[in-house]
$ cat coords34.cif   # mmCIF, C-alpha atoms
data_coords
#
loop_
_atom_site.group_PDB
_atom_site.id
_atom_site.type_symbol
_atom_site.label_atom_id
_atom_site.label_comp_id
_atom_site.auth_asym_id
_atom_site.auth_seq_id
_atom_site.Cartn_x
_atom_site.Cartn_y
_atom_site.Cartn_z
ATOM 1 C CA MET A 1 0.000 0.000 0.000
ATOM 2 C CA SER A 2 1.153 3.522 -0.804
ATOM 3 C CA ILE A 3 0.588 4.751 2.750
ATOM 4 C CA GLU A 4 2.890 2.070 4.170
ATOM 5 C CA THR A 5 5.600 3.026 1.680
ATOM 6 C CA LEU A 6 5.190 6.673 2.654
ATOM 7 C CA CYS A 7 5.415 5.796 6.359
ATOM 8 C CA GLN A 8 8.659 3.901 5.767
ATOM 9 C CA ILE A 9 10.175 6.955 4.066
ATOM 10 C CA LEU A 10 8.829 9.293 6.763
ATOM 11 C CA CYS A 11 10.639 7.231 9.404
ATOM 12 C CA HIS A 12 13.976 8.476 8.101
ATOM 13 C CA ASP A 13 15.150 11.862 9.280
ATOM 14 C CA GLY A 14 16.404 13.152 5.958
ATOM 15 C CA SER A 15 17.122 11.458 2.660
ATOM 16 C CA ILE A 16 17.639 7.773 1.892
ATOM 17 C CA THR A 17 18.461 5.962 -1.334
ATOM 18 C CA ALA A 18 15.563 5.988 -3.780
ATOM 19 C CA ARG A 19 16.632 2.651 -5.274
ATOM 20 C CA ARG A 20 15.654 0.973 -1.994
ATOM 21 C CA TYR A 21 12.014 2.058 -2.402
ATOM 22 C CA ARG A 22 11.319 2.284 -6.139
ATOM 23 C CA ALA A 23 9.851 -1.223 -6.239
ATOM 24 C CA LYS A 24 7.620 -0.597 -3.214
ATOM 25 C CA PRO A 25 3.826 -0.360 -3.709
ATOM 26 C CA GLY A 26 2.645 3.105 -4.696
ATOM 27 C CA TYR A 27 6.103 4.665 -5.052
ATOM 28 C CA LYS A 28 5.355 6.199 -8.452
ATOM 29 C CA SER A 29 1.992 7.498 -7.234
ATOM 30 C CA LEU A 30 3.645 9.168 -4.248
ATOM 31 C CA LEU A 31 6.175 10.823 -6.573
ATOM 32 C CA LYS A 32 3.473 12.014 -8.952
ATOM 33 C CA ALA A 33 1.398 13.399 -6.096
ATOM 34 C CA GLY A 34 4.378 15.316 -4.705
ATOM 35 C CA LEU A 35 4.311 13.537 -1.343
ATOM 36 C CA ILE A 36 7.901 12.359 -1.890
ATOM 37 C CA GLU A 37 10.663 13.657 -4.122
ATOM 38 C CA GLU A 38 13.944 12.412 -5.523
ATOM 39 C CA SER A 39 16.547 15.105 -5.061
ATOM 40 C CA GLY A 40 20.348 15.074 -4.974
ATOM 41 C CA VAL A 41 22.286 12.164 -3.530
ATOM 42 C CA VAL A 42 22.587 10.645 -0.066
ATOM 43 C CA GLU A 43 25.331 11.901 2.221
ATOM 44 C CA GLY A 44 26.770 8.578 3.323
ATOM 45 C CA TRP A 45 27.377 4.962 2.340
ATOM 46 C CA TYR A 46 28.329 1.799 4.165
ATOM 47 C CA CYS A 47 31.405 0.028 2.822
ATOM 48 C CA ASP A 48 31.120 -3.736 3.217
ATOM 49 C CA ASP A 49 33.747 -4.625 0.601
ATOM 50 C CA CYS A 50 36.732 -4.300 2.945
ATOM 51 C CA SER A 51 37.802 -6.257 6.026
ATOM 52 C CA GLN A 52 36.751 -3.519 8.436
ATOM 53 C CA GLY A 53 33.296 -2.468 7.244
ATOM 54 C CA HIS A 54 32.645 1.210 7.891
ATOM 55 C CA ALA A 55 30.490 4.230 7.171
ATOM 56 C CA ALA A 56 31.840 6.717 4.633
ATOM 57 C CA SER A 57 30.827 10.075 3.225
ATOM 58 C CA ILE A 58 29.815 10.350 -0.405
ATOM 59 C CA VAL A 59 32.198 12.556 -2.384
ATOM 60 C CA HIS A 60 32.374 13.798 -5.978
ATOM 61 C CA GLU A 61 35.854 13.373 -7.450
ATOM 62 C CA GLN A 62 36.863 14.012 -11.067
ATOM 63 C CA GLY A 63 33.304 13.734 -12.340
ATOM 64 C CA ARG A 64 32.510 10.564 -10.393
ATOM 65 C CA TYR A 65 30.593 9.816 -7.203
ATOM 66 C CA GLY A 66 32.001 7.460 -4.621
ATOM 67 C CA TYR A 67 33.655 7.192 -1.217
ATOM 68 C CA PHE A 68 37.099 6.622 0.222
ATOM 69 C CA CYS A 69 38.135 3.418 1.944
ATOM 70 C CA LEU A 70 41.482 2.969 3.761
ATOM 71 C CA GLU A 71 41.938 -0.452 2.161
ATOM 72 C CA LEU A 72 40.404 0.063 -1.268
ATOM 73 C CA GLY A 73 41.039 3.740 -1.883
ATOM 74 C CA PHE A 74 38.401 5.592 -3.908
ATOM 75 C CA VAL A 75 35.384 3.362 -4.572
ATOM 76 C CA PRO A 76 33.185 4.704 -7.394
ATOM 77 C CA LEU A 77 29.391 4.452 -7.267
ATOM 78 C CA GLU A 78 26.807 4.892 -10.003
ATOM 79 C CA ARG A 79 24.750 8.014 -9.392
ATOM 80 C CA ASP A 80 21.505 6.081 -9.721
ATOM 81 C CA ALA A 81 22.531 3.956 -6.735
ATOM 82 C CA ILE A 82 22.822 6.983 -4.467
ATOM 83 C CA VAL A 83 19.967 9.218 -5.677
ATOM 84 C CA ALA A 84 18.105 10.364 -2.570
ATOM 85 C CA VAL A 85 14.384 10.339 -1.809
ATOM 86 C CA LYS A 86 12.683 12.201 1.004
ATOM 87 C CA ALA A 87 9.142 12.812 2.181
ATOM 88 C CA CYS A 88 7.564 16.207 1.495
ATOM 89 C CA VAL A 89 6.182 16.620 4.997
ATOM 90 C CA ALA A 90 4.788 20.142 4.507
ATOM 91 C CA LYS A 91 2.653 18.964 1.568
ATOM 92 C CA LEU A 92 1.456 15.942 3.546
ATOM 93 C CA ILE A 93 0.382 18.111 6.491
ATOM 94 C CA SER A 94 -1.376 20.582 4.203
ATOM 95 C CA ARG A 95 -3.331 17.847 2.448
ATOM 96 C CA LEU A 96 -4.293 16.182 5.718
ATOM 97 C CA ALA A 97 -5.561 19.541 7.007
ATOM 98 C CA ASP A 98 -7.578 20.062 3.807
ATOM 99 C CA LEU A 99 -9.004 16.544 3.971
ATOM 100 C CA LEU A 100 -10.098 17.013 7.578
ATOM 101 C CA LYS A 101 -11.219 20.623 7.002
ATOM 102 C CA ALA A 102 -9.168 21.523 10.068
ATOM 103 C CA SER A 103 -8.875 25.045 11.434
ATOM 104 C CA THR A 104 -5.853 26.682 13.134
ATOM 105 C CA ARG A 105 -3.530 24.648 10.929
ATOM 106 C CA LYS A 106 0.158 25.570 10.875
ATOM 107 C CA SER A 107 2.246 25.587 7.683
ATOM 108 C CA GLU A 108 5.531 24.948 9.503
ATOM 109 C CA PRO A 109 6.529 22.739 12.453
ATOM 110 C CA VAL A 110 5.390 23.790 15.908
ATOM 111 C CA ARG A 111 8.833 22.794 17.077
ATOM 112 C CA GLY A 112 11.443 20.349 15.785
ATOM 113 C CA HIS A 113 9.669 17.529 13.949
ATOM 114 C CA THR A 114 6.209 18.184 15.415
ATOM 115 C CA TRP A 115 3.487 19.633 13.181
ATOM 116 C CA ARG A 116 0.014 20.863 14.048
ATOM 117 C CA ILE A 117 -2.397 19.536 11.426
ATOM 118 C CA GLY A 118 -5.195 21.569 12.944
ATOM 119 C CA ARG A 119 -8.285 21.511 15.102
ATOM 120 C CA LEU A 120 -11.751 20.027 14.594
ATOM 121 C CA ARG A 121 -14.772 21.278 16.496
ATOM 122 C CA SER A 122 -17.804 19.428 17.835
ATOM 123 C CA GLU A 123 -20.512 19.924 20.417
ATOM 124 C CA HIS A 124 -18.712 17.353 22.572
ATOM 125 C CA GLY A 125 -15.412 19.246 22.602
ATOM 126 C CA ASP A 126 -12.603 20.189 20.218
ATOM 127 C CA LEU A 127 -9.991 17.821 18.813
ATOM 128 C CA SER A 128 -6.387 18.887 18.184
ATOM 129 C CA ILE A 129 -4.450 16.775 15.680
ATOM 130 C CA TYR A 130 -0.651 16.676 15.474
ATOM 131 C CA TYR A 131 1.940 14.796 13.459
ATOM 132 C CA HIS A 132 5.250 13.582 14.868
ATOM 133 C CA PRO A 133 7.260 11.090 12.763
ATOM 134 C CA ALA A 134 8.298 8.614 15.454
ATOM 135 C CA LEU A 135 7.377 7.679 19.004
ATOM 136 C CA ALA A 136 9.826 4.841 19.513
ATOM 137 C CA SER A 137 12.255 6.270 22.066
ATOM 138 C CA ALA A 138 12.406 8.480 25.150
ATOM 139 C CA ASP A 139 13.984 11.218 23.014
ATOM 140 C CA ASP A 140 11.051 11.078 20.570
ATOM 141 C CA LEU A 141 8.615 11.413 23.450
ATOM 142 C CA SER A 142 10.513 14.302 25.041
ATOM 143 C CA GLU A 143 10.674 16.210 21.773
ATOM 144 C CA LEU A 144 6.933 15.838 21.212
ATOM 145 C CA LYS A 145 6.006 16.849 24.768
ATOM 146 C CA LEU A 146 8.203 19.934 24.545
ATOM 147 C CA ALA A 147 6.608 20.903 21.239
ATOM 148 C CA ILE A 148 3.001 20.703 22.447
ATOM 149 C CA ALA A 149 3.596 22.071 25.957
ATOM 150 C CA ASP A 150 2.632 25.614 24.969
ATOM 151 C CA GLU A 151 -0.167 24.635 22.584
ATOM 152 C CA VAL A 152 -3.770 25.502 23.435
ATOM 153 C CA GLY A 153 -5.348 22.494 25.126
ATOM 154 C CA THR A 154 -8.494 20.780 23.820
ATOM 155 C CA ARG A 155 -10.680 18.021 25.212
ATOM 156 C CA PHE A 156 -9.409 15.527 22.629
ATOM 157 C CA ARG A 157 -5.915 15.240 21.171
ATOM 158 C CA LEU A 158 -4.672 12.861 18.496
ATOM 159 C CA ILE A 159 -1.025 12.267 17.556
ATOM 160 C CA LEU A 160 -0.460 10.784 14.100
ATOM 161 C CA ASN A 161 2.906 9.199 13.397
ATOM 162 C CA ALA A 162 4.796 6.936 11.030
ATOM 163 C CA THR A 163 6.279 4.534 13.566
ATOM 164 C CA GLY A 164 6.336 3.800 17.296
ATOM 165 C CA THR A 165 3.609 3.268 19.873
ATOM 166 C CA LEU A 166 4.859 4.984 23.028
ATOM 167 C CA PRO A 167 1.887 6.445 24.940
ATOM 168 C CA VAL A 168 1.486 10.202 25.355
ATOM 169 C CA GLY A 169 -0.462 11.469 28.362
ATOM 170 C CA GLY A 170 -3.749 13.136 27.423
ATOM 171 C CA SER A 171 -3.474 11.972 23.801
ATOM 172 C CA ARG A 172 -4.152 9.033 21.571
ATOM 173 C CA VAL A 173 -1.328 7.885 19.320
ATOM 174 C CA VAL A 174 -2.301 6.387 15.954
ATOM 175 C CA SER A 175 -0.260 5.375 12.918
ATOM 176 C CA LEU A 176 -0.950 7.269 9.708
ATOM 177 C CA SER A 177 -1.462 3.898 8.023
ATOM 178 C CA GLU A 178 -4.547 3.337 10.201
ATOM 179 C CA VAL A 179 -6.025 6.760 9.491
ATOM 180 C CA VAL A 180 -5.608 7.399 5.767
ATOM 181 C CA GLU A 181 -5.126 5.561 2.518
ATOM 182 C CA ILE A 182 -3.510 6.798 -0.670
ATOM 183 C CA GLY A 183 -5.119 5.910 -3.975
ATOM 184 C CA SER A 184 -3.394 4.966 -7.211
ATOM 185 C CA ASP A 185 -3.559 8.631 -8.227
ATOM 186 C CA GLY A 186 -1.762 9.704 -5.041
ATOM 187 C CA GLU A 187 -4.860 11.278 -3.504
ATOM 188 C CA ILE A 188 -5.246 10.938 0.273
ATOM 189 C CA GLU A 189 -8.510 9.456 1.589
ATOM 190 C CA MET A 190 -9.784 8.895 5.104
ATOM 191 C CA ALA A 191 -9.762 5.234 6.152
ATOM 192 C CA THR A 192 -11.633 5.593 9.420
ATOM 193 C CA ASP A 193 -13.642 7.887 11.682
ATOM 194 C CA ILE A 194 -11.164 10.391 13.131
ATOM 195 C CA TRP A 195 -13.439 11.189 16.084
ATOM 196 C CA ALA A 196 -13.756 7.519 17.037
ATOM 197 C CA LEU A 197 -9.971 7.231 17.041
ATOM 198 C CA ALA A 198 -9.815 10.248 19.319
ATOM 199 C CA GLY A 199 -12.139 8.560 21.820
ATOM 200 C CA LEU A 200 -15.483 10.176 21.054
ATOM 201 C CA VAL A 201 -18.270 7.606 20.721
ATOM 202 C CA VAL A 202 -21.263 9.051 18.894
ATOM 203 C CA THR A 203 -24.635 7.343 19.280
ATOM 204 C CA SER A 204 -27.080 6.908 16.435
ATOM 205 C CA PRO A 205 -29.379 9.844 15.542
ATOM 206 C CA THR A 206 -32.306 8.110 17.292
ATOM 207 C CA GLY A 207 -30.320 7.739 20.494
ATOM 208 C CA ARG A 208 -30.543 3.946 20.337
ATOM 209 C CA PRO A 209 -27.396 1.838 20.405
ATOM 210 C CA ASN A 210 -26.189 0.557 17.052
ATOM 211 C CA THR A 211 -27.460 -3.042 16.768
ATOM 212 C CA TYR A 212 -24.370 -4.074 14.845
ATOM 213 C CA GLY A 213 -21.909 -3.051 17.563
ATOM 214 C CA ALA A 214 -21.728 -6.429 19.305
ATOM 215 C CA PRO A 215 -21.635 -8.569 16.107
ATOM 216 C CA VAL A 216 -18.878 -6.411 14.603
ATOM 217 C CA LYS A 217 -16.758 -6.550 17.769
ATOM 218 C CA ASP A 218 -17.296 -10.312 18.211
ATOM 219 C CA LEU A 219 -16.306 -11.033 14.614
ATOM 220 C CA ALA A 220 -13.301 -8.691 14.845
ATOM 221 C CA ARG A 221 -12.044 -10.478 17.971
ATOM 222 C CA GLN A 222 -12.563 -13.907 16.368
ATOM 223 C CA ARG A 223 -10.562 -12.892 13.305
ATOM 224 C CA ILE A 224 -7.753 -11.469 15.454
ATOM 225 C CA ALA A 225 -7.626 -14.658 17.551
ATOM 226 C CA SER A 226 -7.548 -16.896 14.463
ATOM 227 C CA GLY A 227 -4.899 -14.805 12.733
ATOM 228 C CA GLU A 228 -7.234 -13.955 9.842
ATOM 229 C CA ALA A 229 -7.409 -10.221 10.602
ATOM 230 C CA LEU A 230 -5.813 -7.964 7.998
ATOM 231 C CA ARG A 231 -3.388 -5.253 9.081
ATOM 232 C CA GLY A 232 -5.044 -2.242 7.478
ATOM 233 C CA LEU A 233 -8.051 -0.979 9.408
ATOM 234 C CA LYS A 234 -10.033 -0.010 6.301
ATOM 235 C CA THR A 235 -9.234 -3.274 4.522
ATOM 236 C CA GLU A 236 -10.268 -5.358 7.530
ATOM 237 C CA ALA A 237 -13.407 -3.241 8.003
ATOM 238 C CA ASN A 238 -14.441 -3.934 4.405
ATOM 239 C CA VAL A 239 -14.052 -7.673 4.986
ATOM 240 C CA ILE A 240 -16.119 -7.589 8.194
ATOM 241 C CA LYS A 241 -18.795 -5.451 6.526
ATOM 242 C CA GLY A 242 -19.059 -8.019 3.721
ATOM 243 C CA LEU A 243 -19.311 -10.928 6.158
ATOM 244 C CA LEU A 244 -22.154 -9.253 8.065
ATOM 245 C CA TRP A 245 -24.061 -8.075 4.993
ATOM 246 C CA ASN A 246 -27.410 -9.852 4.495
ATOM 247 C CA GLU A 247 -27.949 -10.185 0.765
ATOM 248 C CA GLU A 248 -31.556 -11.270 1.228
ATOM 249 C CA THR A 249 -32.651 -8.254 3.272
ATOM 250 C CA LYS A 250 -30.036 -5.918 1.772
ATOM 251 C CA LYS A 251 -29.109 -4.816 5.279
ATOM 252 C CA GLY A 252 -25.866 -4.632 7.208
ATOM 253 C CA PRO A 253 -23.622 -2.287 9.162
ATOM 254 C CA SER A 254 -22.264 0.840 7.533
ATOM 255 C CA LEU A 255 -18.565 0.943 6.780
ATOM 256 C CA THR A 256 -18.154 3.927 9.114
ATOM 257 C CA SER A 257 -19.711 1.961 11.997
ATOM 258 C CA VAL A 258 -17.558 -1.093 11.302
ATOM 259 C CA ARG A 259 -14.396 1.027 11.265
ATOM 260 C CA ARG A 260 -15.340 2.656 14.570
ATOM 261 C CA TYR A 261 -16.064 -0.632 16.363
ATOM 262 C CA LEU A 262 -12.988 -2.281 14.856
ATOM 263 C CA ALA A 263 -10.822 0.620 16.063
ATOM 264 C CA GLU A 264 -12.267 0.170 19.567
ATOM 265 C CA VAL A 265 -11.441 -3.563 19.549
ATOM 266 C CA ARG A 266 -7.875 -2.933 18.404
ATOM 267 C CA GLU A 267 -7.282 -0.231 21.007
ATOM 268 C CA GLY A 268 -8.685 -2.384 23.813
ATOM 269 C CA PRO A 269 -11.130 -1.404 26.561
ATOM 270 C CA LYS A 270 -11.024 2.158 27.826
ATOM 271 C CA LYS A 271 -10.297 2.908 31.447
ATOM 272 C CA GLY A 272 -13.336 2.145 33.579
ATOM 273 C CA GLN A 273 -14.777 -0.331 31.061
ATOM 274 C CA ASN A 274 -14.772 -4.110 31.146
#
$ encode --input "coords34.cif" --output "structure tokens"
Amino acid sequence: MSIETLCQILCHDGSITARRYRAKPGYKSLLKAGLIEESGVVEGWYCDDCSQGHAASIVHEQGRYGYFCLELGFVPLERDAIVAVKACVAKLISRLADLLKASTRKSEPVRGHTWRIGRLRSEHGDLSIYYHPALASADDLSELKLAIADEVGTRFRLILNATGTLPVGGSRVVSLSEVVEIGSDGEIEMATDIWALAGLVVTSPTGRPNTYGAPVKDLARQRIASGEALRGLKTEANVIKGLLWNEETKKGPSLTSVRRYLAEVREGPKKGQN
């Protein structure tokens, strides 16, 4: 999936070799959509042709690219092997903000690698949405907390990221791959209910509980236990929706409802619930 390829590239702080990702799903679509770009060459290379094995800086000598090795001297490299690719984070944030129709968006990082995608409003309270590339280490967590410390607080807060699952107090952390999908044309689409991910459970317009809640959750748990569950939330939700659809009566749960209940099952019970 294109979104998974994008997340892999987002995980790197800076540029990496494009050759490593060109065969990945959706790479060309991401390029065409401007969410990634090939530009220049990478700064370093790992030499594994000598007895020592070492990192080396890429240099340009006498019209050739390569690196220097104490044992081998100058080792030339084809330019295509070291062409760099990087994520266009500003464009990603802008398109996410447009997709969500978010207000108070910010066109540059709040601080460091943390971006404010924007704020959504509801009668139940506002939701602030941020992006931080990784939450896999104590340093990642510290950087994020420092960035949002002076931000205006809201009742709900969602942190989108590319990798890592470290918890953030007062927030919900969700991978971008669970929130959006990227089509073959590079367009970003929502894959789930953003409010449900943030922890807001909305009842049906009549005030009655959704009758499909229990069947969806039971089936989701069965598929997880049996190992049949698919990784992508939207993909798995489509499967569950199809399994619960009654062709005879032409009735079944809506995809939005299935996504919401599936997200709840994957996140586990909330505090105070069984």
$ resolve_selection --input "coords34.cif" --expression "the PyMOL selection byres ((chain A and resi 172-181) around 6)" --output "ChimeraX atom specification"
/A:3,158-162,171,182,188-192,233
$ resolve_selection --input "coords34.cif" --expression "the PyMOL selection byres ((chain A and resi 218) around 12)" --output "number ranges by chain"
A: 212-217, 219-225, 240, 244, 258, 261-262, 264-266
$ write_last_selection --input "coords34.cif" --atoms "C-alpha atoms" --output "JSON list (two decimals), in the frame of the given file"
[["chain", "number", "residue", "atom", "x", "y", "z"],
["A", 212, "TYR", "CA", -24.37, -4.07, 14.84],
["A", 213, "GLY", "CA", -21.91, -3.05, 17.56],
["A", 214, "ALA", "CA", -21.73, -6.43, 19.30],
["A", 215, "PRO", "CA", -21.64, -8.57, 16.11],
["A", 216, "VAL", "CA", -18.88, -6.41, 14.60],
["A", 217, "LYS", "CA", -16.76, -6.55, 17.77],
["A", 219, "LEU", "CA", -16.31, -11.03, 14.61],
["A", 220, "ALA", "CA", -13.30, -8.69, 14.84],
["A", 221, "ARG", "CA", -12.04, -10.48, 17.97],
["A", 222, "GLN", "CA", -12.56, -13.91, 16.37],
["A", 223, "ARG", "CA", -10.56, -12.89, 13.30],
["A", 224, "ILE", "CA", -7.75, -11.47, 15.45],
["A", 225, "ALA", "CA", -7.63, -14.66, 17.55],
["A", 240, "ILE", "CA", -16.12, -7.59, 8.19],
["A", 244, "LEU", "CA", -22.15, -9.25, 8.06],
["A", 258, "VAL", "CA", -17.56, -1.09, 11.30],
["A", 261, "TYR", "CA", -16.06, -0.63, 16.36],
["A", 262, "LEU", "CA", -12.99, -2.28, 14.86],
["A", 264, "GLU", "CA", -12.27, 0.17, 19.57],
["A", 265, "VAL", "CA", -11.44, -3.56, 19.55],
["A", 266, "ARG", "CA", -7.88, -2.93, 18.40]]
$ closest_residue --input "coords34.cif" --among "A:Ala33, A:Ile93, A:Pro253, A:Gly232" --to "Glu4 of chain A" --atoms "all atoms listed in the file"
A:Gly232
$ resolve_selection --input "coords34.cif" --expression "the PyMOL selection byres ((chain A and resi 85) around 7)" --output "JSON, numbers by chain"
{"A": [15, 16, 17, 18, 36, 37, 38, 39, 83, 84, 86]}
$ residues_around --input "coords34.cif" --residues "Gly53 of chain A" --least-positions-apart "5" --cutoff "12 Å" --atoms "only C-alpha atoms" --output "list in words"
Trp45, Tyr46, Cys47, Asp48, Cys69, Leu70, Glu71 and Leu72 of chain A
$ closest_residue --input "coords34.cif" --among "A:Arg119, A:Glu187, A:Leu31, A:Leu166" --to "Thr154 of chain A" --atoms "all atoms listed in the file"
A:Arg119
$ axis_aligned_box --input "coords34.cif" --around "segment 148-155 of chain A" --padding-each-side "4 Å" --output "JSON"
{"center_x": -3.5, "center_y": 21.8, "center_z": 24.2, "size_x": 22.3, "size_y": 15.6, "size_z": 11.5}
$ closest_residue --input "coords34.cif" --among "A:Gly252, A:Gly170, A:Gly268, A:Gly199" --to "His124 of chain A" --atoms "all atoms listed in the file"
A:Gly199
$ closest_residue --input "coords34.cif" --among "A:Arg231, A:Lys251, A:Ala196, A:Asp13" --to "His132 of chain A" --atoms "only C-alpha atoms"
A:Asp13
$ atom_distance --input "coords34.cif" --atom1 "atom CA of Gly242 of chain A" --atom2 "atom CA of Leu100 of chain A"
26.9 Å
$ closest_residue --input "coords34.cif" --among "A:Arg259, A:Arg79, A:Arg121, A:Lys250" --to "Ala237 of chain A" --atoms "only C-alpha atoms"
A:Arg259
$ atom_distance --input "coords34.cif" --atom1 "atom CA of Gly66 of chain A" --atom2 "atom CA of Gly44 of chain A"
9.6 Å
$ closest_residue --input "coords34.cif" --among "A:Ile82, A:Gly183, A:Ala134, A:Ser57" --to "Tyr27 of chain A" --atoms "all atoms listed in the file"
A:Gly183
$ atom_distance --input "coords34.cif" --atom1 "atom CA of Glu108 of chain A" --atom2 "atom CA of Gly34 of chain A"
17.2 Å
$ residues_near_point --input "coords34.cif" --point "(-4.0, 16.8, 11.9)" --cutoff "6 Å" --atoms "only C-alpha atoms" --output "compact mmCIF listing (two decimals) with C-alpha atoms, keeping the file's coordinate frame"
# COMPACT_ATOMS: atom_id res chain seq x y z
CA ALA A 97 -5.56 19.54 7.01
CA ILE A 117 -2.40 19.54 11.43
CA GLY A 118 -5.20 21.57 12.94
CA ILE A 129 -4.45 16.77 15.68
CA TYR A 130 -0.65 16.68 15.47
$ build_atoms --input "coords34.cif" --residues "segment 4-27 of chain A" --atoms "N, CA and C atoms" --output "CSV table (one decimal), in the coordinates of the input"
chain,number,residue,atom,x,y,z
A,4,GLU,N,1.8,2.8,3.4
A,4,GLU,CA,2.9,2.1,4.2
A,4,GLU,C,4.3,2.4,3.6
A,5,THR,N,4.3,2.6,2.3
A,5,THR,CA,5.6,3.0,1.7
A,5,THR,C,6.0,4.4,2.1
A,6,LEU,N,5.0,5.3,2.2
A,6,LEU,CA,5.2,6.7,2.7
A,6,LEU,C,5.6,6.7,4.1
A,7,CYS,N,5.0,5.8,4.9
A,7,CYS,CA,5.4,5.8,6.4
A,7,CYS,C,6.9,5.3,6.5
A,8,GLN,N,7.3,4.4,5.7
A,8,GLN,CA,8.7,3.9,5.8
A,8,GLN,C,9.6,5.0,5.4
A,9,ILE,N,9.3,5.8,4.4
A,9,ILE,CA,10.2,7.0,4.1
A,9,ILE,C,10.1,8.1,5.1
A,10,LEU,N,9.0,8.3,5.7
A,10,LEU,CA,8.8,9.3,6.8
A,10,LEU,C,9.7,9.0,8.0
A,11,CYS,N,9.9,7.7,8.2
A,11,CYS,CA,10.6,7.2,9.4
A,11,CYS,C,12.1,7.7,9.4
A,12,HIS,N,12.6,8.1,8.2
A,12,HIS,CA,14.0,8.5,8.1
A,12,HIS,C,14.1,10.0,8.2
A,13,ASP,N,14.9,10.4,9.1
A,13,ASP,CA,15.2,11.9,9.3
A,13,ASP,C,16.1,12.4,8.2
A,14,GLY,N,15.6,12.7,7.1
A,14,GLY,CA,16.4,13.2,6.0
A,14,GLY,C,16.2,12.2,4.8
A,15,SER,N,17.2,12.2,3.9
A,15,SER,CA,17.1,11.5,2.7
A,15,SER,C,17.7,10.1,2.8
A,16,ILE,N,17.1,9.1,2.0
A,16,ILE,CA,17.6,7.8,1.9
A,16,ILE,C,17.7,7.4,0.4
A,17,THR,N,18.3,6.3,0.1
A,17,THR,CA,18.5,6.0,-1.3
A,17,THR,C,17.1,5.6,-1.9
A,18,ALA,N,16.8,6.2,-3.1
A,18,ALA,CA,15.6,6.0,-3.8
A,18,ALA,C,15.5,4.6,-4.3
A,19,ARG,N,16.6,4.0,-4.7
A,19,ARG,CA,16.6,2.7,-5.3
A,19,ARG,C,16.0,1.6,-4.3
A,20,ARG,N,16.2,1.9,-3.0
A,20,ARG,CA,15.7,1.0,-2.0
A,20,ARG,C,14.1,0.9,-2.0
A,21,TYR,N,13.5,2.0,-2.5
A,21,TYR,CA,12.0,2.1,-2.4
A,21,TYR,C,11.3,2.1,-3.7
A,22,ARG,N,12.0,2.1,-4.8
A,22,ARG,CA,11.3,2.3,-6.1
A,22,ARG,C,10.4,1.1,-6.5
A,23,ALA,N,10.7,0.0,-6.0
A,23,ALA,CA,9.9,-1.2,-6.2
A,23,ALA,C,8.7,-1.4,-5.2
A,24,LYS,N,8.7,-0.5,-4.2
A,24,LYS,CA,7.6,-0.6,-3.2
A,24,LYS,C,6.3,-0.2,-3.8
A,25,PRO,N,5.2,-0.7,-3.2
A,25,PRO,CA,3.8,-0.4,-3.7
A,25,PRO,C,3.6,1.1,-3.6
A,26,GLY,N,3.1,1.7,-4.7
A,26,GLY,CA,2.6,3.1,-4.7
A,26,GLY,C,3.7,4.1,-4.8
A,27,TYR,N,5.0,3.7,-5.0
A,27,TYR,CA,6.1,4.7,-5.1
A,27,TYR,C,5.9,5.7,-6.2
